[in-house]
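J.: Mind looking over this structure? Questions follow.
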Amino acid sequence: MSVAKTPEPGSAPPLTLEQTRINIPSVHRVGGKRLPQLPDALDFWGLSNAPANVAMQMAWPEVGRGVVESTVESGALMKHPWKRLRTTASYLAVAILGTDEEKQAMRAAVNVAHRQVRSQPGAKVKYNAFDRNTQLWVAACLYVGFEDSYQMLHGRMNSEQAEAFYSTASALGTTLQVHPDMWPKTRADFDAYWLDACRRVSIDEQVRQYVDDLLHLRMIHWYLRLFFGGLLRFLTAGFLAPHMREHMGVAWTAADQRRFEHLFQFVGFVNRFLPKFLRSVGGPQIGYVRHRIRKHQPLV
């Protein structure tokens with residue numbers, strides 16, 4: 001895997017799903033009569049796309065500049081990676097599995113940090129963490145990450161399965177400020193939104209450098225990078241759609257794609273024989289959040 005040249009800006013034909021989504025190589029395996037649901041994606045290996053998802057979110061200028069310029073040091077990914085991972089995992093667990101009261105508690109905690117994330121007067125890119133359109137993009141990226149990781153483990157869903165999986169996804173955004181009416185109503189509506197939203201992808205040099213640091217895991221200790229860096233860089237690049245890779249300057253070959261697909265064929269096969277309590281991260285994470293709420297400890 002090598003670094004590609006960043007494409008020159010200019011006019012481009014309309015985007016397609018082949019450009020903006022990763023390839024899913026096989027059909028969904030039959031695993032019973034129950035249709036898949038979003039909580040099914042809270043799998044240990046499903047977390048392997050987390051760095052790619054952060055990079056995707058930052059592909060919108062408002063998010064990229066907001067992250068790079070943020071003065072909220074306590075939540076800075078490059079300075080406190082494990083705290084940021086814990087906070088993000090807690091938010092996702094609450095959005096997908098939490099009660100209304102737990103969602104309200106999480107919203108209040110995140111809002112405290114978001115109040116400090118806004119552009120300064122005269123900034124080249126105007127941003128505000130409370131902007132609903134920006135939050136919708138972030139939530140859409142989160143959904144894409146869940147759907148991609150689930151399908152890489154279990155195979156490509158048909159339209160009925162995809163609709164069932166999508167049916168409760170709006171909470172990824174509405175747990176914060178996204179209004180329910182803003183969330184695409186159907187899975188087909190989501191595709192239309194996604195293609196339109198991806199047209200706004202634009203990454204400046206400073207954001208690209210931040211993403212490069214993320215891809216190379218420069219926020220964790222060198223000895224962890226030594227053991228896990230190569231695999232995690234490979235997984236991160238694999239979970240980026242072609243359109244994202246082009247803007248981020250990440251090359252990906254046909255051989256890389258085959259290796260990526262073969263890896264998940266193996267992992268998906270092994271996962272089928274593991275008990276749910278070993279591979280699921282949803283239950284332990286929501287339990288952790290509930291413990292912190294009972295103890296009146298901060299969620300963010």
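In the structure tokens, each chain is lettered A, B, ... as it comes, each chain's residues begin at 1, and ligands are numbered from 1 in order of appearance.
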Please return as a list in words: the residues of segment 122-152 of chain A that backbone DSSP assigns to alpha helix (DSSP H).

T.: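 Written out, the alpha helix (DSSP H) residues of segment 122-152 of chain A are Arg132, Asn133, Thr134, Gln135, Leu136, Trp137, Val138, Ala139, Ala140, Cys141, Leu142, Tyr143, Val144, Gly145, Phe146, Glu147, Asp148, Ser149, Tyr150, Gln151 and Met152 of chain A.
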
J.: Quick one: residues within 12 Å of Met244 of chain A, only C-alpha atoms counted, chain neighbours fewer than 2 positions away excluded, as an NGL selection string?

T.: :A and (6-7 or 15 or 18-22 or 52-60 or 141 or 198-203 or 208 or 211 or 236-242 or 246-252)

J.: Those selected residues, please, written with N, CA and C atoms and delivered as a CSV table (one decimal), in the first residue's frame.

T.:
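Okay, selection.csv is ready:
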chain,number,residue,atom,x,y,z
A,6,THR,N,-2.6,13.5,-4.5
A,6,THR,CA,-3.9,14.1,-4.3
A,6,THR,C,-4.5,14.6,-5.6
A,7,PRO,N,-5.7,14.3,-6.0
A,7,PRO,CA,-6.2,14.8,-7.3
A,7,PRO,C,-6.4,16.3,-7.3
A,15,LEU,N,-21.4,11.6,-8.6
A,15,LEU,CA,-20.8,10.5,-7.9
A,15,LEU,C,-21.8,9.3,-7.9
A,18,GLU,N,-20.7,3.2,-6.2
A,18,GLU,CA,-19.4,2.5,-6.3
A,18,GLU,C,-18.2,3.3,-5.9
A,19,GLN,N,-18.3,4.6,-6.1
A,19,GLN,CA,-17.3,5.5,-5.7
A,19,GLN,C,-17.3,5.9,-4.2
A,20,THR,N,-18.5,5.9,-3.6
A,20,THR,CA,-18.7,6.5,-2.3
A,20,THR,C,-18.9,5.4,-1.2
A,21,ARG,N,-19.0,4.1,-1.6
A,21,ARG,CA,-19.1,3.1,-0.6
A,21,ARG,C,-18.1,2.0,-0.9
A,22,ILE,N,-17.7,1.2,0.1
A,22,ILE,CA,-16.8,0.1,-0.2
A,22,ILE,C,-17.5,-1.1,-0.8
A,52,ALA,N,-11.1,4.9,10.2
A,52,ALA,CA,-11.6,5.3,8.9
A,52,ALA,C,-12.8,6.1,9.0
A,53,ASN,N,-13.7,5.8,10.0
A,53,ASN,CA,-14.9,6.6,10.2
A,53,ASN,C,-14.6,8.0,10.6
A,54,VAL,N,-13.6,8.2,11.5
A,54,VAL,CA,-13.2,9.5,11.9
A,54,VAL,C,-12.7,10.3,10.7
A,55,ALA,N,-11.9,9.6,9.9
A,55,ALA,CA,-11.4,10.3,8.7
A,55,ALA,C,-12.5,10.7,7.8
A,56,MET,N,-13.5,9.8,7.6
A,56,MET,CA,-14.6,10.1,6.7
A,56,MET,C,-15.4,11.4,7.2
A,57,GLN,N,-15.6,11.4,8.5
A,57,GLN,CA,-16.3,12.6,9.1
A,57,GLN,C,-15.6,13.8,8.8
A,58,MET,N,-14.2,13.8,8.9
A,58,MET,CA,-13.4,15.0,8.7
A,58,MET,C,-13.3,15.4,7.3
A,59,ALA,N,-13.8,14.6,6.4
A,59,ALA,CA,-13.8,15.0,4.9
A,59,ALA,C,-14.7,16.1,4.6
A,60,TRP,N,-15.7,16.4,5.5
A,60,TRP,CA,-16.4,17.7,5.3
A,60,TRP,C,-15.6,18.8,6.0
A,141,CYS,N,-22.1,9.2,8.5
A,141,CYS,CA,-20.8,8.4,8.5
A,141,CYS,C,-20.8,7.3,9.4
A,198,CYS,N,-21.6,13.6,-0.2
A,198,CYS,CA,-20.2,13.3,-0.6
A,198,CYS,C,-19.7,14.3,-1.6
A,199,ARG,N,-20.5,15.0,-2.3
A,199,ARG,CA,-20.1,16.0,-3.2
A,199,ARG,C,-19.4,17.2,-2.5
A,200,ARG,N,-19.6,17.3,-1.2
A,200,ARG,CA,-19.1,18.4,-0.4
A,200,ARG,C,-17.7,18.0,0.2
A,201,VAL,N,-17.3,16.8,0.0
A,201,VAL,CA,-16.0,16.3,0.5
A,201,VAL,C,-14.9,17.2,0.0
A,202,SER,N,-14.1,17.8,0.9
A,202,SER,CA,-13.0,18.6,0.6
A,202,SER,C,-12.0,18.7,1.7
A,203,ILE,N,-10.7,18.4,1.5
A,203,ILE,CA,-9.8,18.2,2.6
A,203,ILE,C,-8.6,19.1,2.3
A,208,ARG,N,-5.5,17.1,6.0
A,208,ARG,CA,-4.9,15.9,5.4
A,208,ARG,C,-3.8,15.4,6.2
A,211,VAL,N,-5.2,13.6,9.2
A,211,VAL,CA,-5.7,12.3,8.8
A,211,VAL,C,-4.6,11.4,8.6
A,236,THR,N,-7.9,0.5,8.1
A,236,THR,CA,-8.4,1.9,7.9
A,236,THR,C,-8.6,2.2,6.4
A,237,ALA,N,-7.5,1.9,5.6
A,237,ALA,CA,-7.6,2.2,4.2
A,237,ALA,C,-8.7,1.4,3.5
A,238,GLY,N,-8.8,0.1,4.0
A,238,GLY,CA,-9.8,-0.7,3.4
A,238,GLY,C,-11.3,-0.3,3.6
A,239,PHE,N,-11.5,0.4,4.7
A,239,PHE,CA,-12.8,0.8,5.1
A,239,PHE,C,-13.1,2.2,4.5
A,240,LEU,N,-12.2,2.8,3.8
A,240,LEU,CA,-12.4,4.1,3.1
A,240,LEU,C,-12.9,3.8,1.7
A,241,ALA,N,-14.0,4.5,1.3
A,241,ALA,CA,-14.5,4.3,-0.1
A,241,ALA,C,-13.5,5.0,-1.1
A,242,PRO,N,-13.5,4.6,-2.4
A,242,PRO,CA,-12.6,5.2,-3.3
A,242,PRO,C,-12.6,6.7,-3.4
A,246,GLU,N,-9.2,9.0,-2.6
A,246,GLU,CA,-8.6,9.9,-3.5
A,246,GLU,C,-8.4,11.3,-2.9
A,247,HIS,N,-9.3,11.8,-2.1
A,247,HIS,CA,-9.2,13.1,-1.5
A,247,HIS,C,-8.1,13.0,-0.3
A,248,MET,N,-7.9,11.9,0.3
A,248,MET,CA,-7.0,11.8,1.4
A,248,MET,C,-5.6,11.4,0.9
A,249,GLY,N,-5.4,11.1,-0.4
A,249,GLY,CA,-4.1,10.7,-0.9
A,249,GLY,C,-3.7,9.3,-0.4
A,250,VAL,N,-4.7,8.4,-0.3
A,250,VAL,CA,-4.4,7.0,0.1
A,250,VAL,C,-4.6,6.1,-1.1
A,251,ALA,N,-3.5,5.4,-1.5
A,251,ALA,CA,-3.7,4.4,-2.7
A,251,ALA,C,-4.2,3.1,-2.2
A,252,TRP,N,-4.8,2.4,-3.1
A,252,TRP,CA,-5.4,1.1,-2.8
A,252,TRP,C,-5.5,0.3,-4.0

J.: Name all residues at most 12 Å from Pro39 of chain A (count only C-alpha atoms; drop same-chain ones fewer than 2 positions away) and give them as a PDB file with all heavy atoms, in the first residue's frame.

T.:
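Once everything was written out, this is selection_32.pdb:
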ATOM      1  N   LEU A  35     -34.647 -10.636  10.942  1.00  0.00           N
ATOM      2  CA  LEU A  35     -33.937  -9.693  10.085  1.00  0.00           C
ATOM      3  C   LEU A  35     -32.841  -9.003  10.885  1.00  0.00           C
ATOM      4  O   LEU A  35     -32.977  -8.798  12.095  1.00  0.00           O
ATOM      5  CB  LEU A  35     -34.910  -8.654   9.530  1.00  0.00           C
ATOM      6  CG  LEU A  35     -35.938  -9.172   8.521  1.00  0.00           C
ATOM      7  CD1 LEU A  35     -36.978  -8.099   8.214  1.00  0.00           C
ATOM      8  CD2 LEU A  35     -35.250  -9.612   7.233  1.00  0.00           C
ATOM      9  N   PRO A  36     -31.735  -8.634  10.244  1.00  0.00           N
ATOM     10  CA  PRO A  36     -30.642  -7.976  10.984  1.00  0.00           C
ATOM     11  C   PRO A  36     -31.064  -6.623  11.517  1.00  0.00           C
ATOM     12  O   PRO A  36     -31.902  -5.929  10.927  1.00  0.00           O
ATOM     13  CB  PRO A  36     -29.539  -7.840   9.926  1.00  0.00           C
ATOM     14  CG  PRO A  36     -30.250  -7.890   8.613  1.00  0.00           C
ATOM     15  CD  PRO A  36     -31.426  -8.796   8.821  1.00  0.00           C
ATOM     16  N   GLN A  37     -30.491  -6.250  12.647  1.00  0.00           N
ATOM     17  CA  GLN A  37     -30.782  -4.972  13.281  1.00  0.00           C
ATOM     18  C   GLN A  37     -29.476  -4.257  13.587  1.00  0.00           C
ATOM     19  O   GLN A  37     -28.418  -4.875  13.706  1.00  0.00           O
ATOM     20  CB  GLN A  37     -31.580  -5.201  14.577  1.00  0.00           C
ATOM     21  CG  GLN A  37     -32.906  -5.914  14.359  1.00  0.00           C
ATOM     22  CD  GLN A  37     -33.567  -6.309  15.670  1.00  0.00           C
ATOM     23  OE1 GLN A  37     -32.985  -6.175  16.748  1.00  0.00           O
ATOM     24  NE2 GLN A  37     -34.792  -6.793  15.580  1.00  0.00           N
ATOM     25  N   ALA A  41     -24.499  -4.905  14.817  1.00  0.00           N
ATOM     26  CA  ALA A  41     -23.206  -4.409  14.329  1.00  0.00           C
ATOM     27  C   ALA A  41     -22.263  -4.030  15.457  1.00  0.00           C
ATOM     28  O   ALA A  41     -21.107  -3.660  15.197  1.00  0.00           O
ATOM     29  CB  ALA A  41     -23.427  -3.200  13.421  1.00  0.00           C
ATOM     30  N   LEU A  42     -22.728  -4.102  16.717  1.00  0.00           N
ATOM     31  CA  LEU A  42     -21.864  -3.766  17.853  1.00  0.00           C
ATOM     32  C   LEU A  42     -20.969  -4.961  18.165  1.00  0.00           C
ATOM     33  O   LEU A  42     -21.063  -5.614  19.199  1.00  0.00           O
ATOM     34  CB  LEU A  42     -22.716  -3.376  19.062  1.00  0.00           C
ATOM     35  CG  LEU A  42     -23.481  -2.057  18.911  1.00  0.00           C
ATOM     36  CD1 LEU A  42     -24.469  -1.870  20.062  1.00  0.00           C
ATOM     37  CD2 LEU A  42     -22.506  -0.883  18.847  1.00  0.00           C
ATOM     38  N   ASP A  43     -20.109  -5.245  17.231  1.00  0.00           N
ATOM     39  CA  ASP A  43     -19.217  -6.392  17.264  1.00  0.00           C
ATOM     40  C   ASP A  43     -17.775  -5.915  17.446  1.00  0.00           C
ATOM     41  O   ASP A  43     -17.413  -4.835  16.972  1.00  0.00           O
ATOM     42  CB  ASP A  43     -19.355  -7.173  15.945  1.00  0.00           C
ATOM     43  CG  ASP A  43     -18.527  -8.437  15.916  1.00  0.00           C
ATOM     44  OD1 ASP A  43     -17.307  -8.337  15.661  1.00  0.00           O
ATOM     45  OD2 ASP A  43     -19.093  -9.522  16.126  1.00  0.00           O
ATOM     46  N   GLY A  46     -16.262  -5.077  14.397  1.00  0.00           N
ATOM     47  CA  GLY A  46     -16.919  -3.911  13.805  1.00  0.00           C
ATOM     48  C   GLY A  46     -16.226  -2.619  14.175  1.00  0.00           C
ATOM     49  O   GLY A  46     -16.328  -1.615  13.450  1.00  0.00           O
ATOM     50  N   LEU A  92     -22.226   5.826  21.104  1.00  0.00           N
ATOM     51  CA  LEU A  92     -22.848   4.888  20.176  1.00  0.00           C
ATOM     52  C   LEU A  92     -23.700   3.859  20.918  1.00  0.00           C
ATOM     53  O   LEU A  92     -24.800   3.518  20.470  1.00  0.00           O
ATOM     54  CB  LEU A  92     -21.776   4.191  19.348  1.00  0.00           C
ATOM     55  CG  LEU A  92     -20.994   5.095  18.389  1.00  0.00           C
ATOM     56  CD1 LEU A  92     -19.865   4.325  17.726  1.00  0.00           C
ATOM     57  CD2 LEU A  92     -21.918   5.704  17.338  1.00  0.00           C
ATOM     58  N   ALA A  93     -23.206   3.367  22.051  1.00  0.00           N
ATOM     59  CA  ALA A  93     -23.978   2.398  22.830  1.00  0.00           C
ATOM     60  C   ALA A  93     -25.285   3.010  23.311  1.00  0.00           C
ATOM     61  O   ALA A  93     -26.350   2.375  23.260  1.00  0.00           O
ATOM     62  CB  ALA A  93     -23.147   1.894  24.008  1.00  0.00           C
ATOM     63  N   VAL A  94     -25.229   4.256  23.779  1.00  0.00           N
ATOM     64  CA  VAL A  94     -26.445   4.921  24.253  1.00  0.00           C
ATOM     65  C   VAL A  94     -27.390   5.191  23.094  1.00  0.00           C
ATOM     66  O   VAL A  94     -28.604   4.971  23.205  1.00  0.00           O
ATOM     67  CB  VAL A  94     -26.082   6.231  24.981  1.00  0.00           C
ATOM     68  CG1 VAL A  94     -27.335   7.060  25.253  1.00  0.00           C
ATOM     69  CG2 VAL A  94     -25.366   5.928  26.288  1.00  0.00           C
ATOM     70  N   ALA A  95     -26.876   5.666  21.960  1.00  0.00           N
ATOM     71  CA  ALA A  95     -27.727   5.974  20.810  1.00  0.00           C
ATOM     72  C   ALA A  95     -28.453   4.732  20.310  1.00  0.00           C
ATOM     73  O   ALA A  95     -29.610   4.802  19.889  1.00  0.00           O
ATOM     74  CB  ALA A  95     -26.893   6.586  19.686  1.00  0.00           C
ATOM     75  N   ILE A  96     -27.787   3.582  20.361  1.00  0.00           N
ATOM     76  CA  ILE A  96     -28.368   2.356  19.806  1.00  0.00           C
ATOM     77  C   ILE A  96     -29.137   1.548  20.839  1.00  0.00           C
ATOM     78  O   ILE A  96     -30.189   0.978  20.536  1.00  0.00           O
ATOM     79  CB  ILE A  96     -27.248   1.498  19.178  1.00  0.00           C
ATOM     80  CG1 ILE A  96     -26.613   2.248  17.996  1.00  0.00           C
ATOM     81  CG2 ILE A  96     -27.782   0.142  18.711  1.00  0.00           C
ATOM     82  CD1 ILE A  96     -25.367   1.570  17.437  1.00  0.00           C
ATOM     83  N   LEU A  97     -28.649   1.510  22.076  1.00  0.00           N
ATOM     84  CA  LEU A  97     -29.246   0.632  23.089  1.00  0.00           C
ATOM     85  C   LEU A  97     -29.868   1.368  24.262  1.00  0.00           C
ATOM     86  O   LEU A  97     -30.564   0.754  25.074  1.00  0.00           O
ATOM     87  CB  LEU A  97     -28.174  -0.325  23.639  1.00  0.00           C
ATOM     88  CG  LEU A  97     -27.467  -1.238  22.637  1.00  0.00           C
ATOM     89  CD1 LEU A  97     -26.323  -1.979  23.324  1.00  0.00           C
ATOM     90  CD2 LEU A  97     -28.441  -2.221  22.009  1.00  0.00           C
ATOM     91  N   GLY A  98     -29.608   2.669  24.388  1.00  0.00           N
ATOM     92  CA  GLY A  98     -30.010   3.393  25.586  1.00  0.00           C
ATOM     93  C   GLY A  98     -31.478   3.751  25.659  1.00  0.00           C
ATOM     94  O   GLY A  98     -32.194   3.780  24.652  1.00  0.00           O
ATOM     95  N   TYR A 143     -23.396   5.640  10.500  1.00  0.00           N
ATOM     96  CA  TYR A 143     -24.248   4.569   9.973  1.00  0.00           C
ATOM     97  C   TYR A 143     -23.526   3.782   8.883  1.00  0.00           C
ATOM     98  O   TYR A 143     -23.548   2.544   8.882  1.00  0.00           O
ATOM     99  CB  TYR A 143     -25.564   5.116   9.426  1.00  0.00           C
ATOM    100  CG  TYR A 143     -26.352   3.995   8.791  1.00  0.00           C
ATOM    101  CD1 TYR A 143     -27.004   3.063   9.601  1.00  0.00           C
ATOM    102  CD2 TYR A 143     -26.359   3.802   7.408  1.00  0.00           C
ATOM    103  CE1 TYR A 143     -27.654   1.979   9.046  1.00  0.00           C
ATOM    104  CE2 TYR A 143     -27.016   2.729   6.846  1.00  0.00           C
ATOM    105  CZ  TYR A 143     -27.661   1.812   7.667  1.00  0.00           C
ATOM    106  OH  TYR A 143     -28.288   0.724   7.126  1.00  0.00           O
ATOM    107  N   PHE A 146     -21.159   1.340  10.429  1.00  0.00           N
ATOM    108  CA  PHE A 146     -21.833   0.160  10.984  1.00  0.00           C
ATOM    109  C   PHE A 146     -22.291  -0.786   9.877  1.00  0.00           C
ATOM    110  O   PHE A 146     -22.105  -1.998   9.971  1.00  0.00           O
ATOM    111  CB  PHE A 146     -23.037   0.579  11.834  1.00  0.00           C
ATOM    112  CG  PHE A 146     -22.675   0.999  13.230  1.00  0.00           C
ATOM    113  CD1 PHE A 146     -23.053   2.245  13.706  1.00  0.00           C
ATOM    114  CD2 PHE A 146     -21.976   0.157  14.068  1.00  0.00           C
ATOM    115  CE1 PHE A 146     -22.728   2.642  14.992  1.00  0.00           C
ATOM    116  CE2 PHE A 146     -21.653   0.537  15.364  1.00  0.00           C
ATOM    117  CZ  PHE A 146     -22.024   1.789  15.830  1.00  0.00           C
ATOM    118  N   GLU A 147     -22.889  -0.227   8.834  1.00  0.00           N
ATOM    119  CA  GLU A 147     -23.387  -1.077   7.756  1.00  0.00           C
ATOM    120  C   GLU A 147     -22.243  -1.781   7.037  1.00  0.00           C
ATOM    121  O   GLU A 147     -22.329  -2.976   6.723  1.00  0.00           O
ATOM    122  CB  GLU A 147     -24.209  -0.246   6.766  1.00  0.00           C
ATOM    123  CG  GLU A 147     -24.934  -1.110   5.734  1.00  0.00           C
ATOM    124  CD  GLU A 147     -25.768  -0.290   4.779  1.00  0.00           C
ATOM    125  OE1 GLU A 147     -25.196   0.229   3.788  1.00  0.00           O
ATOM    126  OE2 GLU A 147     -26.988  -0.161   5.005  1.00  0.00           O
ATOM    127  N   TYR A 150     -20.690  -4.513   9.343  1.00  0.00           N
ATOM    128  CA  TYR A 150     -21.617  -5.637   9.486  1.00  0.00           C
ATOM    129  C   TYR A 150     -21.625  -6.495   8.215  1.00  0.00           C
ATOM    130  O   TYR A 150     -21.559  -7.728   8.279  1.00  0.00           O
ATOM    131  CB  TYR A 150     -23.034  -5.137   9.786  1.00  0.00           C
ATOM    132  CG  TYR A 150     -24.037  -6.264   9.864  1.00  0.00           C
ATOM    133  CD1 TYR A 150     -24.192  -6.991  11.039  1.00  0.00           C
ATOM    134  CD2 TYR A 150     -24.808  -6.627   8.754  1.00  0.00           C
ATOM    135  CE1 TYR A 150     -25.084  -8.055  11.117  1.00  0.00           C
ATOM    136  CE2 TYR A 150     -25.700  -7.690   8.813  1.00  0.00           C
ATOM    137  CZ  TYR A 150     -25.833  -8.393  10.002  1.00  0.00           C
ATOM    138  OH  TYR A 150     -26.699  -9.451  10.067  1.00  0.00           O
ATOM    139  N   ALA A 164     -34.504  -3.183   7.274  1.00  0.00           N
ATOM    140  CA  ALA A 164     -34.667  -3.524   8.687  1.00  0.00           C
ATOM    141  C   ALA A 164     -33.463  -3.037   9.493  1.00  0.00           C
ATOM    142  O   ALA A 164     -33.617  -2.497  10.595  1.00  0.00           O
ATOM    143  CB  ALA A 164     -34.837  -5.032   8.840  1.00  0.00           C
ATOM    144  N   PHE A 165     -32.280  -3.216   8.958  1.00  0.00           N
ATOM    145  CA  PHE A 165     -31.060  -2.780   9.631  1.00  0.00           C
ATOM    146  C   PHE A 165     -31.054  -1.265   9.816  1.00  0.00           C
ATOM    147  O   PHE A 165     -30.621  -0.744  10.848  1.00  0.00           O
ATOM    148  CB  PHE A 165     -29.856  -3.217   8.786  1.00  0.00           C
ATOM    149  CG  PHE A 165     -28.525  -3.020   9.448  1.00  0.00           C
ATOM    150  CD1 PHE A 165     -28.019  -3.968  10.327  1.00  0.00           C
ATOM    151  CD2 PHE A 165     -27.752  -1.905   9.167  1.00  0.00           C
ATOM    152  CE1 PHE A 165     -26.767  -3.799  10.926  1.00  0.00           C
ATOM    153  CE2 PHE A 165     -26.512  -1.722   9.761  1.00  0.00           C
ATOM    154  CZ  PHE A 165     -26.028  -2.675  10.641  1.00  0.00           C
ATOM    155  N   TYR A 166     -31.578  -0.560   8.822  1.00  0.00           N
ATOM    156  CA  TYR A 166     -31.574   0.902   8.829  1.00  0.00           C
ATOM    157  C   TYR A 166     -32.670   1.496   9.709  1.00  0.00           C
ATOM    158  O   TYR A 166     -32.586   2.656  10.115  1.00  0.00           O
ATOM    159  CB  TYR A 166     -31.756   1.384   7.384  1.00  0.00           C
ATOM    160  CG  TYR A 166     -31.797   2.885   7.200  1.00  0.00           C
ATOM    161  CD1 TYR A 166     -30.643   3.654   7.306  1.00  0.00           C
ATOM    162  CD2 TYR A 166     -32.995   3.538   6.911  1.00  0.00           C
ATOM    163  CE1 TYR A 166     -30.676   5.023   7.122  1.00  0.00           C
ATOM    164  CE2 TYR A 166     -33.039   4.911   6.729  1.00  0.00           C
ATOM    165  CZ  TYR A 166     -31.872   5.652   6.835  1.00  0.00           C
ATOM    166  OH  TYR A 166     -31.908   7.006   6.659  1.00  0.00           O
ATOM    167  N   SER A 167     -33.683   0.731  10.035  1.00  0.00           N
ATOM    168  CA  SER A 167     -34.925   1.271  10.598  1.00  0.00           C
ATOM    169  C   SER A 167     -34.743   2.041  11.911  1.00  0.00           C
ATOM    170  O   SER A 167     -35.541   2.934  12.205  1.00  0.00           O
ATOM    171  CB  SER A 167     -35.943   0.136  10.807  1.00  0.00           C
ATOM    172  OG  SER A 167     -35.453  -0.819  11.743  1.00  0.00           O
ATOM    173  N   THR A 168     -33.732   1.720  12.695  1.00  0.00           N
ATOM    174  CA  THR A 168     -33.528   2.415  13.977  1.00  0.00           C
ATOM    175  C   THR A 168     -32.283   3.296  13.971  1.00  0.00           C
ATOM    176  O   THR A 168     -31.841   3.762  15.016  1.00  0.00           O
ATOM    177  CB  THR A 168     -33.410   1.396  15.140  1.00  0.00           C
ATOM    178  OG1 THR A 168     -32.338   0.494  14.857  1.00  0.00           O
ATOM    179  CG2 THR A 168     -34.698   0.610  15.306  1.00  0.00           C
ATOM    180  N   ALA A 169     -31.728   3.551  12.789  1.00  0.00           N
ATOM    181  CA  ALA A 169     -30.451   4.259  12.706  1.00  0.00           C
ATOM    182  C   ALA A 169     -30.554   5.748  12.995  1.00  0.00           C
ATOM    183  O   ALA A 169     -29.548   6.389  13.298  1.00  0.00           O
ATOM    184  CB  ALA A 169     -29.835   4.058  11.316  1.00  0.00           C
ATOM    185  N   ALA A 171     -31.383   7.353  15.472  1.00  0.00           N
ATOM    186  CA  ALA A 171     -30.920   7.731  16.809  1.00  0.00           C
ATOM    187  C   ALA A 171     -29.446   8.108  16.828  1.00  0.00           C
ATOM    188  O   ALA A 171     -28.997   8.789  17.745  1.00  0.00           O
ATOM    189  CB  ALA A 171     -31.166   6.586  17.794  1.00  0.00           C
ATOM    190  N   LEU A 172     -28.682   7.697  15.806  1.00  0.00           N
ATOM    191  CA  LEU A 172     -27.279   8.094  15.734  1.00  0.00           C
ATOM    192  C   LEU A 172     -27.135   9.606  15.643  1.00  0.00           C
ATOM    193  O   LEU A 172     -26.134  10.171  16.085  1.00  0.00           O
ATOM    194  CB  LEU A 172     -26.605   7.440  14.519  1.00  0.00           C
ATOM    195  CG  LEU A 172     -26.479   5.910  14.567  1.00  0.00           C
ATOM    196  CD1 LEU A 172     -25.958   5.393  13.237  1.00  0.00           C
ATOM    197  CD2 LEU A 172     -25.570   5.474  15.708  1.00  0.00           C
ATOM    198  N   LYS A 276     -21.844 -14.883  21.672  1.00  0.00           N
ATOM    199  CA  LYS A 276     -22.112 -13.453  21.543  1.00  0.00           C
ATOM    200  C   LYS A 276     -21.426 -12.634  22.622  1.00  0.00           C
ATOM    201  O   LYS A 276     -20.953 -11.516  22.378  1.00  0.00           O
ATOM    202  CB  LYS A 276     -23.626 -13.200  21.578  1.00  0.00           C
ATOM    203  CG  LYS A 276     -24.013 -11.765  21.288  1.00  0.00           C
ATOM    204  CD  LYS A 276     -25.520 -11.600  21.210  1.00  0.00           C
ATOM    205  CE  LYS A 276     -25.886 -10.161  20.900  1.00  0.00           C
ATOM    206  NZ  LYS A 276     -27.360  -9.973  20.803  1.00  0.00           N
ATOM    207  N   SER A 280     -19.514  -9.381  21.237  1.00  0.00           N
ATOM    208  CA  SER A 280     -20.353  -8.186  21.290  1.00  0.00           C
ATOM    209  C   SER A 280     -19.774  -7.168  22.261  1.00  0.00           C
ATOM    210  O   SER A 280     -19.362  -7.515  23.371  1.00  0.00           O
ATOM    211  CB  SER A 280     -21.774  -8.553  21.722  1.00  0.00           C
ATOM    212  OG  SER A 280     -22.567  -7.384  21.884  1.00  0.00           O
ATOM    213  N   VAL A 281     -19.740  -5.910  21.831  1.00  0.00           N
ATOM    214  CA  VAL A 281     -19.252  -4.843  22.711  1.00  0.00           C
ATOM    215  C   VAL A 281     -20.395  -3.961  23.211  1.00  0.00           C
ATOM    216  O   VAL A 281     -20.189  -3.093  24.057  1.00  0.00           O
ATOM    217  CB  VAL A 281     -18.209  -3.966  21.982  1.00  0.00           C
ATOM    218  CG1 VAL A 281     -16.991  -4.797  21.601  1.00  0.00           C
ATOM    219  CG2 VAL A 281     -18.809  -3.309  20.738  1.00  0.00           C
ATOM    220  N   GLY A 282     -21.594  -4.176  22.704  1.00  0.00           N
ATOM    221  CA  GLY A 282     -22.724  -3.321  23.076  1.00  0.00           C
ATOM    222  C   GLY A 282     -23.128  -3.459  24.525  1.00  0.00           C
ATOM    223  O   GLY A 282     -23.262  -2.454  25.239  1.00  0.00           O
ATOM    224  N   GLY A 283     -23.316  -4.699  24.985  1.00  0.00           N
ATOM    225  CA  GLY A 283     -23.747  -4.921  26.359  1.00  0.00           C
ATOM    226  C   GLY A 283     -22.768  -4.377  27.390  1.00  0.00           C
ATOM    227  O   GLY A 283     -23.158  -3.619  28.285  1.00  0.00           O
ATOM    228  N   ILE A 286     -22.814  -0.369  27.267  1.00  0.00           N
ATOM    229  CA  ILE A 286     -23.981   0.302  27.847  1.00  0.00           C
ATOM    230  C   ILE A 286     -24.007   0.064  29.359  1.00  0.00           C
ATOM    231  O   ILE A 286     -24.430   0.940  30.134  1.00  0.00           O
ATOM    232  CB  ILE A 286     -25.294  -0.175  27.184  1.00  0.00           C
ATOM    233  CG1 ILE A 286     -26.453   0.757  27.567  1.00  0.00           C
ATOM    234  CG2 ILE A 286     -25.624  -1.597  27.544  1.00  0.00           C
ATOM    235  CD1 ILE A 286     -26.352   2.145  27.021  1.00  0.00           C
TER     236      ILE A 286
END

J.: List every residue of segment 30-136 of chain A that has an atom at most 7 Å from any atom of segment 175-179 of chain A, giving for each one its closest atom pair and the distance in Å to one decimal, counting only C-alpha atoms, sorted by chain and then by ascending residue number, as JSON lines.

T.:
{"residue": "A:Ala95", "atom": "CA", "partner": "A:Thr175", "partner_atom": "CA", "distance": 6.0}
{"residue": "A:Lys103", "atom": "CA", "partner": "A:Thr175", "partner_atom": "CA", "distance": 5.8}
{"residue": "A:Arg107", "atom": "CA", "partner": "A:Leu176", "partner_atom": "CA", "distance": 5.4}
{"residue": "A:Phe130", "atom": "CA", "partner": "A:Gln177", "partner_atom": "CA", "distance": 6.9}
{"residue": "A:Arg132", "atom": "CA", "partner": "A:Val178", "partner_atom": "CA", "distance": 5.2}
{"residue": "A:Gln135", "atom": "CA", "partner": "A:Val178", "partner_atom": "CA", "distance": 6.4}
{"residue": "A:Leu136", "atom": "CA", "partner": "A:Val178", "partner_atom": "CA", "distance": 6.1}
